[in-house]
There are 2 protein chains.
Amino acid sequence: MASSFKIHFFGTSSAVPTKERGLSCLAIIHESSISFFDCGEGSQRAVINAGLGFNKDCNIFITHMHGDHVVGLLGILQTMAMNRREKPVKVFGPRGIVEFIRENQAILKFGLTFDILAKEVKSGLVFDEKNSKFRVHATRSEHSTLSFSYLFEEKEKPGRFHPDRAQKLGIPEGPLWSKLQHGENVALPGSRKKISPDQVLDESRPGKRIGVSGDTRPSESLEKFFKNTDVLIFDSTYSDKNKENAIENMHSTSREAALLARKARVRQLILTHFSARYRSVSHLVKEAREEFPNTIAARDMMVYDLSTLS
Amino acid sequence: MASSFKIHFFGTSSAVPTKERGLSCLAIIHESSISFFDCGEGSQRAVINAGLGFNKDCNIFITHMHGDHVVGLLGILQTMAMNRREKPVKVFGPRGIVEFIRENQAILKFGLTFDILAKEVKSGLVFDEKNSKFRVHATRSEHSTLSFSYLFEEKEKPGRFHPDRAQKLGIPEGPLWSKLQHGENVALPGSRKKISPDQVLDESRPGKRIGVSGDTRPSESLEKFFKNTDVLIFDSTYSDKNKENAIENMHSTSREAALLARKARVRQLILTHFSARYRSVSHLVKEAREEFPNTIAARDMMVYDLSTLS
């Protein structure tokens with residue numbers, strides 16, 4: 001499958017930006033859709049720098065209502081309006097998200113060209129549409145304000161199509177192949193014989209799952225929520241040395257992130273949300289890898305291609 | 001005088017950021033104070049990149065309540081709080097500024113460590129304090145929403161001090177020199193003879209004046225407001241070719257900015273707030289210089305040193 005499935009990291013600093021790292025923002029591009037997870041100040045410029053544009057099907061998931069995770073939403077919405085977007089944008093977040101958009105829309109008078117459908121989330125399934133190829137779930141995380149972690153779950157995909165089998169069955173290449181690939185039965189032309197998809201397709205394949213922790217302490221509940229995710233993006237604000245800060249400010253150390261990743265049996269851990277005090281985060285990665293080797297650090301403008309996880 | 005008097009350009013794009021230009025923000029550093037004029041998204045990161053810090057005496061002047069001019073205020077205030085700032089910050093802007101800060105402070109719950117004194121401005125003197133070395137005036141500009149232009153006016157400075165004259169008069173170097181330099185009469189030690197400042201100082205010198213247009217059409221009222229300013233920073237969103245857009249969107253072309261600068265007899269024109277459609281603004285500068293040769297284009301992170309204007 002050559003279709004696009006990528007994670008773009010737009011901002012990987014915590015609380016305050018640095019020269020190298022902007023405020024929290026990442027986006028999952030899945031085929032023609034973009035799903036943002038947090039939109040700290042500077043997000044729209046990072047999206048522009050990445051050459052992504054603002055006209056995709058768009059859903060925005062906010063983990064919590066701290067300024068460094070949500071202020072950039074205003075610029076994204078305003079720029080979408082400047083670009084005369086017409087498709088609606090759905091925004092999900094904790095209590096406060098609806099008021100934040102409504103109040104700023106009223107005060108800043110941005111003339112919108114599209115609908116914003118904003119919704120306050122609870123733990124559970126927060127996004128699932130018939131035509132969408134993914135679902136998003138939420139669960140409470142443990143931070144200093146009401147906060148959620150999210151799980152992006154690609155829906156089950158049809159199995160690999162075998163053209164040789166289709167040809168052998170006498171099905172002409174064209175629309176009938178496409179129907180079978182999409183899981184529909186077809187009738188052979190000039191015959192009443194039915195062909196079912198399982199005659200030409202391998203078994204359907206489970207979709208990939210991406211976890212986004214937002215700001216949080218590690219917890220058993222999150223370990224369960226993120227069980228077996230393919231990619232887990234986790235709060236790694238501090239190193240071992242600053243574990244007390246992690247506890248006090250309700251964040252995680254990179255080692256704590258890695259311990260959780262190991263217990264949850266994730267495939268790939270990506271550390272993010274680094275304290276601005278660290279010029280280099282190589283020691284945070286080192287500490288994490290002692291617990292869970294398959295760990296990397298996010299950096300601004302990094303793109304992680306899910307197709308590399310076969 | 002070696003004391004600092006500089007204009008830092010932090011964001012010079014209009015409406016949407018580009019790779020090269022962030023959203024509207026500039027700051028005038030005058031000795032130990034910083035005065036921001038507009039704070040578009042991304043301002044705090046530009047301030048960090050410039051190595052300026054967030055603990056100076058700080059006043060913030062907002063020209064109008066469009067998101068691209070004011071959203072970055074939230075990050076600046078939040079980061080000041082993260083840095084445990086204690087000195088108050090004064091914020092001036094049109095109707096809406098007080099509500100914008102109050103609502104976002106409530107929704108985003110940023111725990112402030114300092115007072116924000118926010119005030120809605122009218123045309124006239126908006127900032128003047130006994131101990132400050134400058135004043136700021138405002139006047140209505142002509143844009144699609146209630147908007148103000150500002151004039152930063154350095155107060156009159158004492159004339160040059162002549163040590164040779166002081167020595168000849170028998171005044172010992174030290175505190176008495178300092179008093180004279182600050183405009184106070186002093187008595188000669190062991191004598192009742194009074195020495196007045198004008199015996200050792202040249203005539204006082206007028207302060208420098210900097211005009212900041214914000215978003216606006218040119219107008220006679222602004223020409224009057226900016227009369228004889230040393231530096232005029234003016235809306236130059238468009239080139240001649242897009243003059244219709246300038247009229248429709250209530251901005252100025254670079255040529256219009258230059259015509260106003262010529263009529264107002266300013267010394268230096270700095271163009272800013274360029275439409276994101278221009279990769280290069282050299283043709284905007286060329287068109288402006290046909291009317292007013294002493295024109296330059298602002299770019300992000302440019303620093304204009306007022307001491308170069310003798």
# chains A, B, ... in the order shown; residues from 1 in each chain; ligands from 1
>>> select_by_dssp(residues="region 92-165 of chain A", states="alpha helix (DSSP H)", output="list in words")
Ile97, Val98, Glu99, Phe100, Ile101, Arg102, Glu103, Asn104, Gln105, Ala106, Ile107, Leu108, Pro163, Asp164 and Arg165 of chain A
>>> residues_around(residues="region 238-240 of chain B", least_positions_apart="5", cutoff="12 Å", atoms="only C-alpha atoms", output="JSON, numbers by chain")
{"B": [13, 14, 215, 216, 217, 245, 246, 247, 248, 249, 250, 251, 252, 253, 254, 255, 256, 257, 258, 271, 272, 273, 274, 275, 276, 277, 278, 280, 281, 282, 283, 284, 285, 286, 287, 288, 290]}
>>> select_by_dssp(residues="region 52-98 of chain A", states="strand (DSSP E or B)", output="ChimeraX atom specification")
/A:57-61,64,89-93
>>> atom_distance(atom1="CA of Asp230 (chain A)", atom2="CA of Lys263 (chain A)")
13.5 Å
>>> residues_around(residues="region 101-107 of chain A", least_positions_apart="5", cutoff="10 Å", atoms="only C-alpha atoms", output="PyMOL selection string")
(chain A and resi 71+73-74+77-78+91+96+112+116+118) or (chain B and resi 65-67+71+95-97+99-100+103-104+107)
>>> write_last_selection(atoms="N, CA and C atoms", output="compact mmCIF listing (two decimals), in the first residue's frame")
# COMPACT_ATOMS: atom_id res chain seq x y z
N VAL A 71 -3.00 27.46 22.08
CA VAL A 71 -3.09 28.82 21.54
C VAL A 71 -2.94 28.86 20.01
N LEU A 73 -4.13 26.99 17.90
CA LEU A 73 -5.38 26.64 17.22
C LEU A 73 -6.00 27.88 16.56
N LEU A 74 -5.89 29.03 17.23
CA LEU A 74 -6.52 30.25 16.70
C LEU A 74 -5.92 30.62 15.35
N LEU A 77 -7.05 28.15 12.57
CA LEU A 77 -8.43 28.41 12.12
C LEU A 77 -8.49 29.69 11.28
N GLN A 78 -7.77 30.72 11.72
CA GLN A 78 -7.79 31.98 10.99
C GLN A 78 -7.18 31.82 9.60
N VAL A 91 -13.14 19.88 16.19
CA VAL A 91 -12.16 20.10 17.26
C VAL A 91 -12.65 19.39 18.51
N GLY A 96 -13.76 23.48 28.27
CA GLY A 96 -13.08 24.75 28.02
C GLY A 96 -12.82 24.97 26.54
N LEU A 112 -15.20 33.42 9.59
CA LEU A 112 -14.92 32.06 9.13
C LEU A 112 -15.66 31.75 7.84
N ILE A 116 -16.90 25.30 12.38
CA ILE A 116 -16.07 24.63 13.40
C ILE A 116 -17.02 23.84 14.28
N ALA A 118 -16.96 22.03 17.48
CA ALA A 118 -16.12 21.80 18.66
C ALA A 118 -16.90 21.00 19.69
N MET B 65 -7.38 44.39 17.15
CA MET B 65 -7.67 43.08 17.72
C MET B 65 -7.85 41.99 16.66
N HIS B 66 -7.05 41.99 15.61
CA HIS B 66 -7.04 40.85 14.71
C HIS B 66 -6.03 39.84 15.24
N GLY B 67 -6.38 38.54 15.07
CA GLY B 67 -5.57 37.47 15.66
C GLY B 67 -4.10 37.56 15.31
N VAL B 71 -2.53 37.41 19.08
CA VAL B 71 -2.58 36.07 19.70
C VAL B 71 -1.28 35.72 20.45
N ARG B 95 -10.61 48.57 22.16
CA ARG B 95 -11.71 47.87 22.83
C ARG B 95 -11.58 46.37 22.53
N GLY B 96 -11.67 45.55 23.56
CA GLY B 96 -11.53 44.11 23.37
C GLY B 96 -10.28 43.57 24.04
N ILE B 97 -9.28 44.43 24.21
CA ILE B 97 -8.00 43.94 24.75
C ILE B 97 -8.14 43.41 26.18
N GLU B 99 -10.90 42.27 27.65
CA GLU B 99 -11.69 41.03 27.62
C GLU B 99 -10.85 39.86 27.08
N PHE B 100 -10.06 40.13 26.05
CA PHE B 100 -9.21 39.08 25.45
C PHE B 100 -8.28 38.48 26.51
N GLU B 103 -10.56 36.73 29.47
CA GLU B 103 -11.19 35.46 29.08
C GLU B 103 -10.16 34.36 28.92
N ASN B 104 -9.06 34.65 28.25
CA ASN B 104 -8.06 33.62 28.04
C ASN B 104 -7.35 33.23 29.33
N ILE B 107 -9.82 30.85 30.94
CA ILE B 107 -9.98 29.56 30.27
C ILE B 107 -8.68 28.76 30.32
>>> residues_around(residues="region 37-47 of chain A", least_positions_apart="3", cutoff="8 Å", atoms="only C-alpha atoms", output="number ranges by chain")
A: 10-11, 22-27, 50-53, 60-63, 67-73, 75-76, 79, 212, 301; B: 17-19, 22, 41-42, 72, 75
>>> write_last_selection(atoms="C-alpha atoms", output="short mmCIF file (atom, residue, chain, number, x, y, z; two decimals), in the first residue's frame")
data_model
loop_
_atom_site.label_atom_id
_atom_site.label_comp_id
_atom_site.auth_asym_id
_atom_site.auth_seq_id
_atom_site.Cartn_x
_atom_site.Cartn_y
_atom_site.Cartn_z
CA PHE A 10 5.73 20.24 14.52
CA GLY A 11 6.59 21.25 18.08
CA GLY A 22 8.43 24.89 19.13
CA LEU A 23 5.41 24.31 21.36
CA SER A 24 3.44 21.06 21.35
CA CYS A 25 1.95 20.06 18.03
CA LEU A 26 1.97 16.95 15.90
CA ALA A 27 -0.19 15.74 13.07
CA ALA A 50 6.27 21.51 5.88
CA GLY A 51 4.36 22.46 2.73
CA LEU A 52 1.19 20.71 3.91
CA GLY A 53 -1.52 23.30 3.26
CA ILE A 60 -8.02 18.53 15.86
CA PHE A 61 -7.57 16.81 19.22
CA ILE A 62 -6.44 18.90 22.18
CA THR A 63 -5.01 17.06 25.20
CA GLY A 67 -1.79 27.78 26.50
CA ASP A 68 1.29 26.03 25.16
CA HIS A 69 -0.93 23.23 23.81
CA VAL A 70 -3.87 25.18 22.41
CA VAL A 71 -3.09 28.82 21.54
CA GLY A 72 -1.90 27.94 18.03
CA LEU A 73 -5.38 26.64 17.22
CA GLY A 75 -3.94 30.89 13.98
CA ILE A 76 -4.70 27.61 12.22
CA THR A 79 -5.41 30.92 8.23
CA VAL A 212 -0.37 10.23 22.05
CA MET A 301 9.84 18.86 11.51
CA PRO B 17 3.29 33.67 8.29
CA THR B 18 5.74 32.46 5.65
CA LYS B 19 8.99 30.54 5.95
CA GLY B 22 6.41 35.73 11.14
CA GLU B 41 1.67 34.35 16.99
CA GLY B 42 5.33 33.40 17.31
CA GLY B 72 1.14 35.94 20.59
CA GLY B 75 2.45 33.13 25.05
#
>>> residues_around(residues="region 172-182 of chain B", least_positions_apart="4", cutoff="8 Å", atoms="only C-alpha atoms", output="PyMOL selection string")
chain B and resi 158+161+166-167+186+196-197+200-201
